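Raw structure_2.cif, mmCIF, N, CA and C atoms:
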```cif
data_entry
loop_
_atom_site.label_atom_id
_atom_site.label_comp_id
_atom_site.auth_asym_id
_atom_site.auth_seq_id
_atom_site.Cartn_x
_atom_site.Cartn_y
_atom_site.Cartn_z
N MET A 3 110.26 33.76 32.68
CA MET A 3 110.80 35.05 32.31
C MET A 3 109.88 36.18 32.75
N ILE A 4 108.59 36.06 32.50
CA ILE A 4 107.64 37.10 32.91
C ILE A 4 107.61 37.22 34.42
N THR A 5 107.69 36.09 35.14
CA THR A 5 107.69 36.12 36.60
C THR A 5 108.88 36.89 37.13
N ALA A 6 110.05 36.71 36.53
CA ALA A 6 111.24 37.42 36.97
C ALA A 6 111.08 38.92 36.78
N VAL A 7 110.52 39.34 35.67
CA VAL A 7 110.29 40.76 35.42
C VAL A 7 109.28 41.30 36.41
N ARG A 8 108.22 40.54 36.64
CA ARG A 8 107.17 40.98 37.56
C ARG A 8 107.71 41.11 38.98
N SER A 9 108.55 40.16 39.42
CA SER A 9 109.06 40.21 40.79
C SER A 9 109.98 41.41 40.99
N ARG A 10 110.68 41.84 39.96
CA ARG A 10 111.54 43.02 40.08
C ARG A 10 110.72 44.30 40.20
N SER A 11 109.51 44.30 39.67
CA SER A 11 108.69 45.50 39.74
C SER A 11 107.88 45.55 41.02
N MET A 12 107.93 44.47 41.82
CA MET A 12 107.22 44.40 43.09
C MET A 12 108.26 44.42 44.22
N LEU A 13 108.09 45.31 45.17
CA LEU A 13 109.03 45.44 46.27
C LEU A 13 108.42 44.87 47.55
N THR A 14 109.26 44.29 48.37
CA THR A 14 108.80 43.83 49.67
C THR A 14 108.71 45.02 50.61
N LEU A 15 108.03 44.83 51.71
CA LEU A 15 107.92 45.90 52.70
C LEU A 15 109.29 46.27 53.24
N ALA A 16 110.15 45.28 53.46
CA ALA A 16 111.50 45.54 53.96
C ALA A 16 112.29 46.40 52.96
N GLU A 17 112.16 46.11 51.68
CA GLU A 17 112.86 46.89 50.66
C GLU A 17 112.37 48.33 50.63
N VAL A 18 111.07 48.52 50.75
CA VAL A 18 110.50 49.87 50.73
C VAL A 18 110.95 50.65 51.97
N CYS A 19 110.87 50.00 53.13
CA CYS A 19 111.29 50.68 54.37
C CYS A 19 112.76 51.06 54.31
N GLU A 20 113.58 50.18 53.77
CA GLU A 20 115.00 50.49 53.64
C GLU A 20 115.22 51.67 52.69
N GLU A 21 114.52 51.66 51.57
CA GLU A 21 114.68 52.75 50.59
C GLU A 21 114.23 54.09 51.17
N LEU A 22 113.16 54.08 51.96
CA LEU A 22 112.64 55.31 52.54
C LEU A 22 113.30 55.67 53.87
N SER A 23 114.12 54.77 54.40
CA SER A 23 114.78 54.95 55.70
C SER A 23 113.77 55.18 56.82
N VAL A 24 112.75 54.32 56.84
CA VAL A 24 111.74 54.36 57.90
C VAL A 24 111.60 52.96 58.48
N SER A 25 111.09 52.90 59.70
CA SER A 25 110.86 51.61 60.33
C SER A 25 109.57 50.99 59.79
N ARG A 26 109.45 49.70 60.02
CA ARG A 26 108.24 48.99 59.61
C ARG A 26 107.02 49.57 60.34
N SER A 27 107.19 49.91 61.61
CA SER A 27 106.06 50.46 62.37
C SER A 27 105.63 51.82 61.82
N THR A 28 106.58 52.62 61.36
CA THR A 28 106.24 53.90 60.74
C THR A 28 105.45 53.68 59.47
N PHE A 29 105.88 52.70 58.65
CA PHE A 29 105.16 52.41 57.42
C PHE A 29 103.73 51.97 57.73
N TYR A 30 103.56 51.10 58.72
CA TYR A 30 102.21 50.65 59.09
C TYR A 30 101.37 51.80 59.63
N ASP A 31 102.00 52.74 60.32
CA ASP A 31 101.28 53.92 60.79
C ASP A 31 100.80 54.76 59.61
N TRP A 32 101.68 54.98 58.62
CA TRP A 32 101.28 55.70 57.40
C TRP A 32 100.14 54.98 56.71
N ARG A 33 100.25 53.65 56.66
CA ARG A 33 99.22 52.86 55.98
C ARG A 33 97.87 53.00 56.68
N ALA A 34 97.88 52.97 58.00
CA ALA A 34 96.65 53.12 58.78
C ALA A 34 96.01 54.50 58.55
N LYS A 35 96.85 55.50 58.33
CA LYS A 35 96.37 56.87 58.09
C LYS A 35 96.14 57.14 56.61
N ARG A 36 96.29 56.09 55.77
CA ARG A 36 96.11 56.20 54.32
C ARG A 36 97.10 57.19 53.69
N ARG A 37 98.31 57.20 54.20
CA ARG A 37 99.36 58.09 53.68
C ARG A 37 100.49 57.31 53.02
N ALA A 38 100.39 56.00 52.98
CA ALA A 38 101.44 55.15 52.41
C ALA A 38 101.13 54.89 50.93
N PRO A 39 102.14 54.45 50.19
CA PRO A 39 101.87 54.06 48.80
C PRO A 39 100.92 52.86 48.76
N ARG A 40 100.26 52.69 47.64
CA ARG A 40 99.34 51.56 47.47
C ARG A 40 100.07 50.25 47.70
N CYS A 41 99.42 49.35 48.40
CA CYS A 41 100.01 48.05 48.71
C CYS A 41 99.13 46.94 48.16
N ILE A 42 99.76 45.82 47.90
CA ILE A 42 99.05 44.61 47.50
C ILE A 42 99.24 43.62 48.64
N LYS A 43 98.13 43.14 49.19
CA LYS A 43 98.21 42.17 50.26
C LYS A 43 98.10 40.78 49.66
N LEU A 44 99.13 39.98 49.85
CA LEU A 44 99.16 38.62 49.33
C LEU A 44 98.33 37.69 50.22
N PRO A 45 97.93 36.54 49.71
CA PRO A 45 97.13 35.60 50.51
C PRO A 45 97.79 35.21 51.84
N ASN A 46 99.11 35.23 51.91
CA ASN A 46 99.78 34.87 53.16
C ASN A 46 99.92 36.07 54.11
N GLY A 47 99.38 37.23 53.73
CA GLY A 47 99.40 38.42 54.57
C GLY A 47 100.55 39.36 54.29
N ASP A 48 101.54 38.91 53.53
CA ASP A 48 102.67 39.79 53.18
C ASP A 48 102.20 40.93 52.28
N LEU A 49 102.91 42.03 52.36
CA LEU A 49 102.61 43.18 51.51
C LEU A 49 103.64 43.31 50.41
N ARG A 50 103.21 43.76 49.26
CA ARG A 50 104.10 44.09 48.15
C ARG A 50 103.68 45.46 47.64
N ILE A 51 104.66 46.22 47.18
CA ILE A 51 104.41 47.55 46.63
C ILE A 51 105.00 47.58 45.24
N ARG A 52 104.18 47.97 44.27
CA ARG A 52 104.69 48.09 42.91
C ARG A 52 105.69 49.25 42.85
N ARG A 53 106.76 49.06 42.13
CA ARG A 53 107.77 50.11 41.96
C ARG A 53 107.12 51.37 41.40
N SER A 54 106.20 51.20 40.44
CA SER A 54 105.54 52.36 39.83
C SER A 54 104.68 53.10 40.86
N ASP A 55 104.02 52.37 41.76
CA ASP A 55 103.21 53.01 42.80
C ASP A 55 104.09 53.78 43.78
N LEU A 56 105.23 53.20 44.15
CA LEU A 56 106.16 53.89 45.05
C LEU A 56 106.71 55.15 44.39
N ASP A 57 107.11 55.04 43.13
CA ASP A 57 107.64 56.21 42.41
C ASP A 57 106.59 57.31 42.30
N HIS A 58 105.36 56.94 42.00
CA HIS A 58 104.27 57.91 41.90
C HIS A 58 104.03 58.57 43.26
N TRP A 59 104.01 57.76 44.31
CA TRP A 59 103.81 58.27 45.66
C TRP A 59 104.91 59.27 46.04
N LEU A 60 106.15 58.94 45.70
CA LEU A 60 107.26 59.84 45.98
C LEU A 60 107.14 61.14 45.20
N ASP A 61 106.71 61.05 43.94
CA ASP A 61 106.50 62.25 43.13
C ASP A 61 105.45 63.16 43.77
N ASP A 62 104.39 62.56 44.28
CA ASP A 62 103.35 63.34 44.95
C ASP A 62 103.87 64.03 46.21
N ARG A 63 104.74 63.37 46.95
CA ARG A 63 105.33 63.97 48.15
C ARG A 63 106.21 65.15 47.77
N GLU A 64 106.90 65.05 46.64
CA GLU A 64 107.78 66.12 46.21
C GLU A 64 106.96 67.38 45.88
N ASP A 65 105.85 67.21 45.21
CA ASP A 65 104.99 68.35 44.87
C ASP A 65 104.42 69.02 46.10
N ALA A 66 104.17 68.23 47.14
CA ALA A 66 103.57 68.77 48.37
C ALA A 66 104.60 69.52 49.21
N ALA A 67 105.86 69.30 48.94
CA ALA A 67 106.91 69.89 49.81
C ALA A 67 107.08 71.33 49.52
#
```
Once you've parsed the file, please lay out its structure as structure tokens.
Amino acid sequence: MITAVRSRSMLTLAEVCEELSVSRSTFYDWRAKRRAPRCIKLPNGDLRIRRSDLDHWLDDREDAA
């Protein structure tokens, strides 16, 4: 049960890119420039982004606009 809740709060890179309407390469470019939301790198190299981190990141972008 806890795992199911945790997995819903963690987004894959594909899910984040789809939500933001950006390509994977754009996201990696933002990440290299330290402009992307915080990511968690899994042992297999995959990235996950917490929903709360993405929401916070989006809120920060709104204030900057």
- [ ] For each of A:Glu20, A:Glu64, A:Asp31, A:Thr14, take the minimum atom-to-atom distance to Asp48 (chain A), counting all atoms listed in the file, then give the residue where this is smallest.
- [x]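 The answer is A:Thr14, which sits nearest to Asp48 (chain A).
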Open item on the list: Running the PyMOL selection byres (((chain A and resi 51-63 and name CA) around 8) and name CA) on this model by hand, what would come out? Give it as a list in words.
Closed with: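 Listing what the PyMOL selection byres (((chain A and resi 51-63 and name CA) around 8) and name CA) selects in the shown file: Ser11, Met12, Leu13, Thr14, Leu15, Val18, Ala38, Pro39, Arg40, Cys41, Ile42, Leu49, Arg50, Glu64, Asp65, Ala66 and Ala67 of chain A.
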Task: Expected answer as a ChimeraX atom specification: strand (DSSP E) residues in chain A - done: /A:12-14,42-43,49-52
Open item on the list: Just the number, please: distance in Å from CA of Pro45 (chain A) to atom C of Ser23 (chain A), one decimal.
Closed with: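 Answer for the CA of Pro45 (chain A) to atom C of Ser23 (chain A) separation: 26.5 Å.
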If the box runs along x, y and z of the file and leaves 4 Å on each side of region 16-24 of chain A, what are its centre and edge lengths in Å, one decimal, as JSON?
```
{"center_x": 112.7, "center_y": 50.5, "center_z": 54.5, "size_x": 13.1, "size_y": 18.4, "size_z": 15.9}
```
- [ ] Give the alpha helix (DSSP H) residues of chain A, as assigned by DSSP on the backbone, as a ChimeraX atom specification.
- [x] /A:4-11,15-22,26-34,53-66
TODO: Give me, please, the distance in Å between atom N of Gly47 (chain A) and atom C of Leu22 (chain A), quoted to one decimal.
DONE: 23.1 Å
- [ ] Have a look at CA of Glu21 (chain A) and atom C of Leu44 (chain A) and let me know their distance in Å, one decimal.
- [x]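 Atom-to-atom, CA of Glu21 (chain A) to atom C of Leu44 (chain A), that is 22.2 Å.
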Would you output chain A from that structure, restricted to C-alpha atoms, as a PDB file, in the first residue's frame?
```pdb
ATOM      1  CA  MET A   3       0.000   0.000   0.000  1.00  0.00           C
ATOM      2  CA  ILE A   4       2.752   2.481   0.905  1.00  0.00           C
ATOM      3  CA  THR A   5       4.640   1.587  -2.284  1.00  0.00           C
ATOM      4  CA  ALA A   6       1.580   2.379  -4.408  1.00  0.00           C
ATOM      5  CA  VAL A   7       1.201   5.785  -2.763  1.00  0.00           C
ATOM      6  CA  ARG A   8       4.908   6.491  -3.124  1.00  0.00           C
ATOM      7  CA  SER A   9       4.950   5.525  -6.817  1.00  0.00           C
ATOM      8  CA  ARG A  10       2.092   7.942  -7.548  1.00  0.00           C
ATOM      9  CA  SER A  11       4.053  10.788  -5.991  1.00  0.00           C
ATOM     10  CA  MET A  12       7.103   9.982  -8.154  1.00  0.00           C
ATOM     11  CA  LEU A  13       6.960  10.821 -11.856  1.00  0.00           C
ATOM     12  CA  THR A  14       9.030   9.325 -14.632  1.00  0.00           C
ATOM     13  CA  LEU A  15      10.984  11.564 -16.948  1.00  0.00           C
ATOM     14  CA  ALA A  16       8.556  10.733 -19.770  1.00  0.00           C
ATOM     15  CA  GLU A  17       5.597  11.807 -17.616  1.00  0.00           C
ATOM     16  CA  VAL A  18       7.270  15.092 -16.689  1.00  0.00           C
ATOM     17  CA  CYS A  19       8.256  15.850 -20.288  1.00  0.00           C
ATOM     18  CA  GLU A  20       4.720  15.130 -21.442  1.00  0.00           C
ATOM     19  CA  GLU A  21       3.211  17.348 -18.739  1.00  0.00           C
ATOM     20  CA  LEU A  22       5.584  20.211 -19.584  1.00  0.00           C
ATOM     21  CA  SER A  23       5.324  19.619 -23.360  1.00  0.00           C
ATOM     22  CA  VAL A  24       9.099  19.509 -23.776  1.00  0.00           C
ATOM     23  CA  SER A  25      11.405  16.956 -25.328  1.00  0.00           C
ATOM     24  CA  ARG A  26      13.670  14.720 -23.296  1.00  0.00           C
ATOM     25  CA  SER A  27      16.703  16.547 -24.722  1.00  0.00           C
ATOM     26  CA  THR A  28      15.291  19.893 -23.557  1.00  0.00           C
ATOM     27  CA  PHE A  29      14.807  18.499 -20.065  1.00  0.00           C
ATOM     28  CA  TYR A  30      18.393  17.207 -20.001  1.00  0.00           C
ATOM     29  CA  ASP A  31      19.592  20.613 -21.201  1.00  0.00           C
ATOM     30  CA  TRP A  32      17.699  22.305 -18.334  1.00  0.00           C
ATOM     31  CA  ARG A  33      19.165  19.756 -15.940  1.00  0.00           C
ATOM     32  CA  ALA A  34      22.719  20.429 -17.155  1.00  0.00           C
ATOM     33  CA  LYS A  35      22.114  24.169 -16.609  1.00  0.00           C
ATOM     34  CA  ARG A  36      20.598  23.464 -13.157  1.00  0.00           C
ATOM     35  CA  ARG A  37      17.224  24.859 -14.269  1.00  0.00           C
ATOM     36  CA  ALA A  38      15.205  21.631 -14.019  1.00  0.00           C
ATOM     37  CA  PRO A  39      13.213  20.418 -11.030  1.00  0.00           C
ATOM     38  CA  ARG A  40      15.085  18.269  -8.514  1.00  0.00           C
ATOM     39  CA  CYS A  41      15.580  14.726  -9.741  1.00  0.00           C
ATOM     40  CA  ILE A  42      16.275  11.435  -8.043  1.00  0.00           C
ATOM     41  CA  LYS A  43      18.670   9.191  -9.918  1.00  0.00           C
ATOM     42  CA  LEU A  44      17.874   5.525  -9.382  1.00  0.00           C
ATOM     43  CA  PRO A  45      20.600   2.848  -9.273  1.00  0.00           C
ATOM     44  CA  ASN A  46      19.705   1.811 -12.839  1.00  0.00           C
ATOM     45  CA  GLY A  47      20.253   5.404 -14.067  1.00  0.00           C
ATOM     46  CA  ASP A  48      16.569   6.271 -14.511  1.00  0.00           C
ATOM     47  CA  LEU A  49      15.352   9.604 -13.193  1.00  0.00           C
ATOM     48  CA  ARG A  50      12.306  10.223 -11.037  1.00  0.00           C
ATOM     49  CA  ILE A  51      10.841  13.565 -10.034  1.00  0.00           C
ATOM     50  CA  ARG A  52       8.703  13.990  -6.948  1.00  0.00           C
ATOM     51  CA  ARG A  53       5.318  15.532  -7.714  1.00  0.00           C
ATOM     52  CA  SER A  54       5.901  18.031  -4.896  1.00  0.00           C
ATOM     53  CA  ASP A  55       9.273  19.064  -6.393  1.00  0.00           C
ATOM     54  CA  LEU A  56       7.711  19.568  -9.827  1.00  0.00           C
ATOM     55  CA  ASP A  57       4.838  21.593  -8.362  1.00  0.00           C
ATOM     56  CA  HIS A  58       7.263  23.746  -6.365  1.00  0.00           C
ATOM     57  CA  TRP A  59       9.453  24.242  -9.445  1.00  0.00           C
ATOM     58  CA  LEU A  60       6.421  25.317 -11.480  1.00  0.00           C
ATOM     59  CA  ASP A  61       5.362  27.749  -8.748  1.00  0.00           C
ATOM     60  CA  ASP A  62       8.830  29.314  -8.860  1.00  0.00           C
ATOM     61  CA  ARG A  63       8.596  29.723 -12.643  1.00  0.00           C
ATOM     62  CA  GLU A  64       5.240  31.466 -12.249  1.00  0.00           C
ATOM     63  CA  ASP A  65       6.695  34.036  -9.838  1.00  0.00           C
ATOM     64  CA  ALA A  66       9.573  34.729 -12.224  1.00  0.00           C
ATOM     65  CA  ALA A  67       7.252  35.395 -15.158  1.00  0.00           C
TER      66      ALA A  67
END
```
